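**Q** Supplied in structure tokens, the structure appears directly below.
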Amino acid sequence: MLPVHHPRALWRAHGYLPVEVWGPPGTDATPAGAHLQPFLCSIPRCGLAFHLAGGLRDVDVVVVPHACDALQGLGSILTDLPPRPLPALTPYLPRATGEVAVAFLAAEIATLSTRLAEGSQRGPTADDLLAAALDEEAADAAFRALLDARPRISLSNAAFYEAVRSREYLPPAEFRAVAEVALAATGPVDGIPVLLSGIVPEPAGLLACLDRHGVRVVADDTACVGRRRYAPGTSTEPFRRMAEALGSGPPDTTRGSPLSERVAYVVALAAQTGARAALLAIPGSCDPELFALPVLRQALEAAGVRTLHLETDLSMPFTAQADTRVEALLESLP
Amino acid sequence: MTLYASVRHGLAVTGGRAVLGVVRWRDTFRRPRAHPHLAPPLRSGVRLKELIARHYLKGRTASSAVPVAWVTSGAPVEPLVALGYHVHYPENHGAICGIRRVAEDLCTAAESAGWSRDLCSYARTDLGVVLTGRTPVGRLPRPDLLVCCTNICQTVLGWYQVLAERFGVPMALVDTPFLYGTAPPHALTYVERQIEVLVEAAERAAGRTLDPGRLHAVTRRSKDACTLWREVVDRARHRPSPITAFDTFVHMAPIVEMRGEACTVDYYAALLEELDGRVARGEGALLEEQVRLAWDNLPIWPRMRWLSDRLAARGAALVASPYARAWGELADLIDPERPVASAARVYLHPILNLGIGQRLAALRALARDCQVDGVLLHSDRSCRPWSSGQADIRDRLVREDKIPALLLEADHSDPRAFSEAQASARIDAFLEGLGA
């Protein structure tokens with residue numbers, strides 16, 4: 001599964017084990033250069049390089065949800081001119097809002113279901129699908145509880161994100177167990193409260209840097225974590241219920257949420273959690289994030305939240321220069 | 001809309017039309033400068049200049065006189081034209097800024113305000129215009145409505161959201177799911193519903209109701225213009241070609257920004273007649289056509305003349321491009337009897353909204369139809385959707401079709417992403433390989 005939004009319940013109901021690949025970080029992206037230009041975002045370049053290096057050899061199907069132009073390009077290459085054969089699914093996520101978007105997404109999920117059933121020669125019943133959706137909703141509730149409790153959880157940033165991001169690969173019940181353990185880790189907390197925004201908190205050196213400098217991420221607005229706080233669906237029709245849930249997350253650039261809504265949400269999140277600074281960790285060439293960036297920074301600064309834009313590259317380690325910039329930001333806080 | 005603005009707009013349009021008519025009349029009798037390798041420019045170019053100048057002149061006084069919409073190039077504009085909107089295309093304006101070599105300064109202004117240099121140069125140019133008020137066309141009208149259609153890229157969505165924030169006006173979104181074939185029914189329904197919402201938003205912003213008869217007439221004119229444009233680009237099948245891709249990049253302006261207007265239909269009818277005259281006389285756009293090439297992606301607007309001269313000097317005629325052809329290939333899908341439903345189908349299927357397998361097929365068909373000897377693929381930093389997959393397309397063309405192809409790195413508007421020395425060396429080597 002490549003970023004960002006996808007119906008986890010659907011894969012599970014069809015008997016697949018969905019594992020998300022955000023890059024993966026640390027991949028040598030060079031082999032992907034034969035297919036994707038270096039000026040494209042490092043997430044699809046790392047993803048393709050990982051595939052070319054045999055990283056997906058045990059995978060039955062790769063899913064590339066349409067999150068942006070760069071992932072669209074990767075999805076198109078894997079579908080139409082694959083350098084290494086692997087069945088690919090490329091669901092489209094609507095950027096419109098309201099009933100028209102829910103109806104479209106429900107139909108899109110139904111189409112995916114048909115294709116999966118064709119591949120596996122067996123399809124889940126409506127009851128199976130609904131049960132899977134309810135299971136995922138329970139895990140989503142644990143996910144939300146974990147994020148809400150972050151200001152009281154004594155785990156380091158690295159440990160907290162390890163727990164919360166296990167949602168990217170663990171089955172719902174196992175994730176709920178992990179969440180319960182993390183939720184129990186309450187105790188005295190300290191550190192400079194910051195909001196983390198962007199796509200994904202990678203490279204891993206980023207969180208290590210924050211821990212080293214005594215920073216505490218109290219609010220998350222990354223696409224891989226905070227923007228996937230899905231509310232449960234309400235419909236009893238499983239595809240529609242999955243669509244309702246996917247469209248219920250906080251404002252997100254990759255879902256085309258209006259800029260004003262997104263800015264208001266992030267500023268309010270910073271205020272609610274007492275974040276004194278915001279780190280905007282954005283992969284280079286990430287169009288959806290980069291358009292919003294100046295407006296978001298201006299609004300946060302106006303609200304008294306200092307901001308730092310860190311350009312990240314998942315194929316590269318977190319740099320000493322970036323570490324110094326984080327340190328400088330913290331020193332500048334009143 | 002105010003009475004003063006309406007009167008001022010009326011006077012400016014009438015007066016401007018008269019002045020531009022005189023300029024056209026003068027230019028008609030002006031002898032074009034002789035070029036060592038190119039045929040005299042198309043006479044229709046004089047009329048084209050007038051049409052574009054008139055469009056931007058109208059825009060200068062349009063604010064508060066008529067409703068104004070800023071739209072993406074692939075947006076369904078027919079309802080807007082039928083509602084009497086003045087329609088402004090920031091992408092076309094970005095191309096003008098590129099050609100007039102002011103894009104770099106405008107991009108820099110946007111970058112200084114925090115927008116990344118990694119973003120599309122059309123967007124940066126436009127944001128630079130909005131921030132500074134500078135434009136080579138004098139003045140741009142303030143929008144009452146923004147219409148964003150994602151059938152060319154998702155970049156426009158981020159861009160138009162910033163414009164909506166900046167201007168404080170509504171943005172109508174027509175989101176078009178990316179396709180790997182023909183559109184499934186749920187995608188058609190999804191887009192059709194959004195076009196209906198667009199019509200409602202446009203009616204609200206304009207303060208008037210859409211007349212179905214007028215929408216029918218506008219859609220008919222769109223279809224006629226697109227059909228004629230397809231004929232125009234198809235004349236490149238002739239040897240020698242009466243038109244180059246460079247010509248089509250310039251002459252496509254009306255089909256992009258004046259779709260649905262009567263003058264566009266008249267213009268392409270006249271252009272087609274002129275091309276047919278060239279075909280009948282056996283005249284080519286190049287004095288000596290030795291090899292024929294196709295172009296993939298947007299042009300490099302600031303260096304178009306340079307590239308045209310460089311190719312022409314070697315007898316290389318750039319005869320076709322999927323980019324220019326895109327504006328005509330969907331003509332058959334336009335149905336004036338079902339303007340909204342057919343618009344959903346039309347605006348879902350432009351080449352940029354299709355998978356690279358279909359783009360490769362389109363390029364292959366173009367290469368076959370226009371008998372090209374090679375393909376230049378512009379790897380455009382600013383157009384990621386079109387540039388993604390070009391390496392694989394090139395690979396297939398070379399390996400499976402035995403068509404030599406060159407990937408050329410540049411940017412459609414920002415000259416800082418172009419190296420003349422590197423481009424020269426690569427183009428020269430490529431042409432030598434073709435025997436030109």
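Please note that chains go A, B, ... in the order of the structure tokens, that every chain numbers its residues from 1, and that ligands are numbered from 1 in the order shown.
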Residues of chain B were defined as contacting chain A if any atom lay at most 7 Å from it, counting only C-alpha atoms; please report them as a VMD selection string.
**A** chain B and resid 114 to 116 118 to 119 153 to 155 157 to 159 161 165 173 175 177 to 178 186 to 187 190 355 to 357 381 384 to 385 388 to 389 391 to 392
**Q** Within 10 Å of Arg230 (chain B), counting only C-alpha atoms, which residues qualify if same-chain residues fewer than 4 places away don't, as a ChimeraX atom specification?
**A** /B:224-226,234-235,268,272,324-331
**Q** Could you find all residues in region 113-334 of chain A that DSSP calls helix (DSSP H, G or I) from the backbone, and write them as JSON, numbers by chain?
**A** {"A": [113, 114, 115, 116, 117, 118, 119, 120, 126, 127, 128, 129, 130, 131, 132, 133, 134, 135, 136, 137, 138, 139, 140, 141, 142, 143, 144, 145, 146, 147, 148, 149, 150, 151, 152, 157, 158, 159, 160, 161, 162, 163, 164, 165, 166, 167, 168, 172, 173, 174, 175, 176, 177, 178, 179, 180, 181, 182, 183, 184, 205, 206, 207, 208, 209, 210, 211, 212, 226, 227, 228, 238, 239, 240, 241, 242, 243, 244, 245, 246, 253, 254, 255, 259, 260, 261, 262, 263, 264, 265, 266, 267, 268, 269, 270, 271, 272, 273, 287, 288, 289, 290, 291, 292, 293, 294, 295, 296, 297, 298, 299, 300, 301, 302, 320, 321, 322, 323, 324, 325, 326, 327, 328, 329, 330, 331, 332]}
**Q** Considering only C-alpha atoms, return as a PDB file with all heavy atoms, in the first residue's frame whatever protein or nucleic-acid residues lie within 7 Å of Ala275 (chain A), sequence-local ones (same chain, fewer than 3 positions apart) excluded.
**A**
```
ATOM      1  N   PRO A 193       6.698  21.574  23.779  1.00  0.00           N
ATOM      2  CA  PRO A 193       5.605  21.031  22.963  1.00  0.00           C
ATOM      3  C   PRO A 193       5.616  21.595  21.540  1.00  0.00           C
ATOM      4  O   PRO A 193       5.655  22.815  21.350  1.00  0.00           O
ATOM      5  CB  PRO A 193       4.349  21.487  23.725  1.00  0.00           C
ATOM      6  CG  PRO A 193       4.773  22.677  24.501  1.00  0.00           C
ATOM      7  CD  PRO A 193       6.222  22.553  24.766  1.00  0.00           C
ATOM      8  N   VAL A 194       5.616  20.707  20.570  1.00  0.00           N
ATOM      9  CA  VAL A 194       5.577  21.166  19.169  1.00  0.00           C
ATOM     10  C   VAL A 194       4.520  20.387  18.397  1.00  0.00           C
ATOM     11  O   VAL A 194       4.091  19.302  18.796  1.00  0.00           O
ATOM     12  CB  VAL A 194       6.937  20.997  18.432  1.00  0.00           C
ATOM     13  CG1 VAL A 194       8.065  21.703  19.124  1.00  0.00           C
ATOM     14  CG2 VAL A 194       7.256  19.533  18.208  1.00  0.00           C
ATOM     15  N   LEU A 195       4.137  20.991  17.288  1.00  0.00           N
ATOM     16  CA  LEU A 195       3.215  20.341  16.343  1.00  0.00           C
ATOM     17  C   LEU A 195       4.055  19.854  15.165  1.00  0.00           C
ATOM     18  O   LEU A 195       4.919  20.594  14.679  1.00  0.00           O
ATOM     19  CB  LEU A 195       2.171  21.353  15.868  1.00  0.00           C
ATOM     20  CG  LEU A 195       1.124  20.910  14.854  1.00  0.00           C
ATOM     21  CD1 LEU A 195      -0.185  21.666  15.095  1.00  0.00           C
ATOM     22  CD2 LEU A 195       1.548  21.148  13.414  1.00  0.00           C
ATOM     23  N   VAL A 218       3.367  17.071  20.517  1.00  0.00           N
ATOM     24  CA  VAL A 218       2.078  16.934  21.210  1.00  0.00           C
ATOM     25  C   VAL A 218       0.913  16.920  20.234  1.00  0.00           C
ATOM     26  O   VAL A 218      -0.211  16.564  20.604  1.00  0.00           O
ATOM     27  CB  VAL A 218       1.865  18.078  22.233  1.00  0.00           C
ATOM     28  CG1 VAL A 218       2.821  17.930  23.391  1.00  0.00           C
ATOM     29  CG2 VAL A 218       1.999  19.439  21.566  1.00  0.00           C
ATOM     30  N   ALA A 270      -2.848  23.405  17.126  1.00  0.00           N
ATOM     31  CA  ALA A 270      -1.693  23.934  17.862  1.00  0.00           C
ATOM     32  C   ALA A 270      -2.157  24.603  19.150  1.00  0.00           C
ATOM     33  O   ALA A 270      -1.545  24.423  20.215  1.00  0.00           O
ATOM     34  CB  ALA A 270      -0.931  24.921  16.972  1.00  0.00           C
ATOM     35  N   ALA A 271      -3.242  25.344  19.057  1.00  0.00           N
ATOM     36  CA  ALA A 271      -3.734  26.050  20.242  1.00  0.00           C
ATOM     37  C   ALA A 271      -4.230  25.064  21.304  1.00  0.00           C
ATOM     38  O   ALA A 271      -3.905  25.199  22.498  1.00  0.00           O
ATOM     39  CB  ALA A 271      -4.859  27.003  19.839  1.00  0.00           C
TER      40      ALA A 271
END
```
**Q** Give the answer as one residue: which of A:Asp140, A:Asp313, A:Glu331, A:Asp60 has the shortest atom-to-atom distance to Pro203 (chain A), using only C-alpha atoms?
**A**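 For Pro203 (chain A), the nearest of the given residues is A:Asp313.
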**Q** Determine, counting only C-alpha atoms, which protein, DNA and RNA residues have an atom within 12 Å of an atom of Phe160 (chain A); residues of the same chain fewer than 5 positions away are not included. Present the result as a VMD selection string.
**A** chain A and resid 143 146 to 147 149 to 155 165 to 166 178 to 179 181 to 186 201 207 to 208 211 216 to 220 225
**Q** Which distance in Å separates CA of Ala117 (chain A) and CA of Leu129 (chain A), to one decimal?
**A**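 CA of Leu129 (chain A) lies at a distance of 12.4 Å from CA of Ala117 (chain A).
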**Q** Per DSSP on the backbone, filter region 33-236 of chain B down to the residues in strand (DSSP E) and report them as a VMD selection string.
**A** chain B and resid 68 to 71 86 to 88 145 to 149 171 to 174
**Q** Would you put the residues from that selection into a file with N, CA and C atoms, as a PDB file, in the first residue's frame?
**A**
```pdb
ATOM      1  N   VAL B  68     -16.400  37.700 -14.139  1.00  0.00           N
ATOM      2  CA  VAL B  68     -15.065  37.231 -14.547  1.00  0.00           C
ATOM      3  C   VAL B  68     -14.764  35.901 -13.864  1.00  0.00           C
ATOM      4  N   ALA B  69     -14.294  34.940 -14.650  1.00  0.00           N
ATOM      5  CA  ALA B  69     -13.863  33.655 -14.079  1.00  0.00           C
ATOM      6  C   ALA B  69     -12.421  33.398 -14.486  1.00  0.00           C
ATOM      7  N   TRP B  70     -11.642  32.945 -13.531  1.00  0.00           N
ATOM      8  CA  TRP B  70     -10.303  32.435 -13.844  1.00  0.00           C
ATOM      9  C   TRP B  70     -10.452  30.918 -13.881  1.00  0.00           C
ATOM     10  N   VAL B  71      -9.985  30.309 -14.933  1.00  0.00           N
ATOM     11  CA  VAL B  71     -10.224  28.873 -15.100  1.00  0.00           C
ATOM     12  C   VAL B  71      -8.942  28.145 -15.506  1.00  0.00           C
ATOM     13  N   HIS B  86     -16.357  36.834 -18.717  1.00  0.00           N
ATOM     14  CA  HIS B  86     -15.045  36.981 -19.336  1.00  0.00           C
ATOM     15  C   HIS B  86     -14.175  35.916 -18.689  1.00  0.00           C
ATOM     16  N   VAL B  87     -13.591  35.069 -19.509  1.00  0.00           N
ATOM     17  CA  VAL B  87     -12.850  33.926 -18.979  1.00  0.00           C
ATOM     18  C   VAL B  87     -11.350  34.170 -19.131  1.00  0.00           C
ATOM     19  N   HIS B  88     -10.665  34.115 -18.009  1.00  0.00           N
ATOM     20  CA  HIS B  88      -9.213  34.314 -18.017  1.00  0.00           C
ATOM     21  C   HIS B  88      -8.522  32.994 -17.699  1.00  0.00           C
ATOM     22  N   LEU B 145     -15.148  34.342  -9.773  1.00  0.00           N
ATOM     23  CA  LEU B 145     -15.285  32.894  -9.592  1.00  0.00           C
ATOM     24  C   LEU B 145     -14.006  32.226 -10.106  1.00  0.00           C
ATOM     25  N   LEU B 146     -13.582  31.188  -9.399  1.00  0.00           N
ATOM     26  CA  LEU B 146     -12.453  30.379  -9.860  1.00  0.00           C
ATOM     27  C   LEU B 146     -12.997  29.008 -10.238  1.00  0.00           C
ATOM     28  N   VAL B 147     -12.571  28.512 -11.375  1.00  0.00           N
ATOM     29  CA  VAL B 147     -13.024  27.179 -11.793  1.00  0.00           C
ATOM     30  C   VAL B 147     -11.797  26.307 -12.002  1.00  0.00           C
ATOM     31  N   CYS B 148     -11.710  25.266 -11.204  1.00  0.00           N
ATOM     32  CA  CYS B 148     -10.530  24.408 -11.227  1.00  0.00           C
ATOM     33  C   CYS B 148     -10.938  22.997 -11.639  1.00  0.00           C
ATOM     34  N   CYS B 149     -10.363  22.521 -12.718  1.00  0.00           N
ATOM     35  CA  CYS B 149     -10.640  21.167 -13.179  1.00  0.00           C
ATOM     36  C   CYS B 149      -9.334  20.379 -13.134  1.00  0.00           C
ATOM     37  N   MET B 171     -14.503  28.978  -5.226  1.00  0.00           N
ATOM     38  CA  MET B 171     -13.830  28.136  -6.222  1.00  0.00           C
ATOM     39  C   MET B 171     -14.732  26.942  -6.532  1.00  0.00           C
ATOM     40  N   ALA B 172     -15.069  26.793  -7.800  1.00  0.00           N
ATOM     41  CA  ALA B 172     -15.841  25.616  -8.216  1.00  0.00           C
ATOM     42  C   ALA B 172     -14.855  24.560  -8.685  1.00  0.00           C
ATOM     43  N   LEU B 173     -14.973  23.385  -8.106  1.00  0.00           N
ATOM     44  CA  LEU B 173     -14.048  22.305  -8.452  1.00  0.00           C
ATOM     45  C   LEU B 173     -14.738  21.283  -9.350  1.00  0.00           C
ATOM     46  N   VAL B 174     -14.069  20.938 -10.428  1.00  0.00           N
ATOM     47  CA  VAL B 174     -14.520  19.799 -11.235  1.00  0.00           C
ATOM     48  C   VAL B 174     -13.392  18.773 -11.172  1.00  0.00           C
TER      49      VAL B 174
END
```
**Q** Would you list the contacts of region 53-57 of chain B as a VMD selection string, taking every protein, DNA or RNA residue within 12 Å and counting only C-alpha atoms, but skipping same-chain residues closer than 3 positions in sequence?
**A** chain B and resid 9 to 21 23 to 24 46 to 50 60 to 63 86 to 90 92 to 93 96 135 to 141 253 to 254 256 to 259 261 263 to 264
**Q** With only C-alpha atoms as the atoms that count, which of B:Ser6, B:Val162, B:Val22, B:Val279 lies nearest to Val263 (chain A)?
**A**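 Counting only C-alpha atoms, the residue closest to Val263 (chain A) is B:Val162.
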**Q** Env of Glu237 (chain A): 12 Å cut, atoms = only C-alpha atoms, seq-sep filter 4 positions within chain, self excluded. Answer as a list in words.
**A**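 The contact residues come out as Ala103, Ala106, Ala107, Ile109, Ala110, Thr125, Ala126, Asp127, Asp128, Leu129, Leu130, Ala131, Ala133, Leu134, Gly233, Arg241, Met242, Ala243 and Glu244 of chain A.
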**Q** What would the file look like if the residues just selected were written as a PDB file, in the first residue's frame with C-alpha atoms?
**A**
```pdb
ATOM      1  CA  ALA A 103     -21.101   7.992  -3.753  1.00  0.00           C
ATOM      2  CA  ALA A 106     -18.201   3.857  -2.559  1.00  0.00           C
ATOM      3  CA  ALA A 107     -18.478   2.864  -6.234  1.00  0.00           C
ATOM      4  CA  ILE A 109     -14.285   0.661  -3.571  1.00  0.00           C
ATOM      5  CA  ALA A 110     -16.932  -1.659  -5.000  1.00  0.00           C
ATOM      6  CA  THR A 125     -20.156 -11.431   1.600  1.00  0.00           C
ATOM      7  CA  ALA A 126     -21.691  -8.112   2.568  1.00  0.00           C
ATOM      8  CA  ASP A 127     -21.640  -9.306   6.166  1.00  0.00           C
ATOM      9  CA  ASP A 128     -17.935 -10.142   5.950  1.00  0.00           C
ATOM     10  CA  LEU A 129     -17.244  -6.678   4.530  1.00  0.00           C
ATOM     11  CA  LEU A 130     -19.285  -4.944   7.191  1.00  0.00           C
ATOM     12  CA  ALA A 131     -17.595  -6.938   9.947  1.00  0.00           C
ATOM     13  CA  ALA A 133     -15.279  -2.307   8.444  1.00  0.00           C
ATOM     14  CA  LEU A 134     -16.404  -2.451  12.090  1.00  0.00           C
ATOM     15  CA  GLY A 233     -19.094   5.436   8.946  1.00  0.00           C
ATOM     16  CA  ARG A 241     -19.503   2.907   5.128  1.00  0.00           C
ATOM     17  CA  MET A 242     -15.827   2.577   4.151  1.00  0.00           C
ATOM     18  CA  ALA A 243     -16.159   5.623   1.889  1.00  0.00           C
ATOM     19  CA  GLU A 244     -17.779   7.669   4.642  1.00  0.00           C
TER      20      GLU A 244
END
```
**Q** One number please: CA of Arg176 (chain A) to CA of Ala138 (chain A), in Å, one decimal.
**A**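 We find that CA of Arg176 (chain A) and CA of Ala138 (chain A) lie 8.0 Å from each other.
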**Q** Between B:Ala312, B:Val340, B:Ala294, B:Ala95, which one has atoms that come closest to Leu198 (chain B), using only C-alpha atoms?
**A**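 The answer is B:Val340, which sits nearest to Leu198 (chain B).
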**Q** Within 12 Å of Arg338 (chain B), counting only C-alpha atoms, which residues qualify if same-chain residues fewer than 2 places away don't, as a PyMOL selection string?
**A** chain B and resi 192+212-213+215-217+219-220+333-336+340-346
**Q** Kindly indicate which residue among B:Ala103, B:Leu188, B:Val291, B:Cys97 lies nearest to His349 (chain B), using only C-alpha atoms for the distances.
**A**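 So, comparing all the options, the nearest one is B:Leu188.
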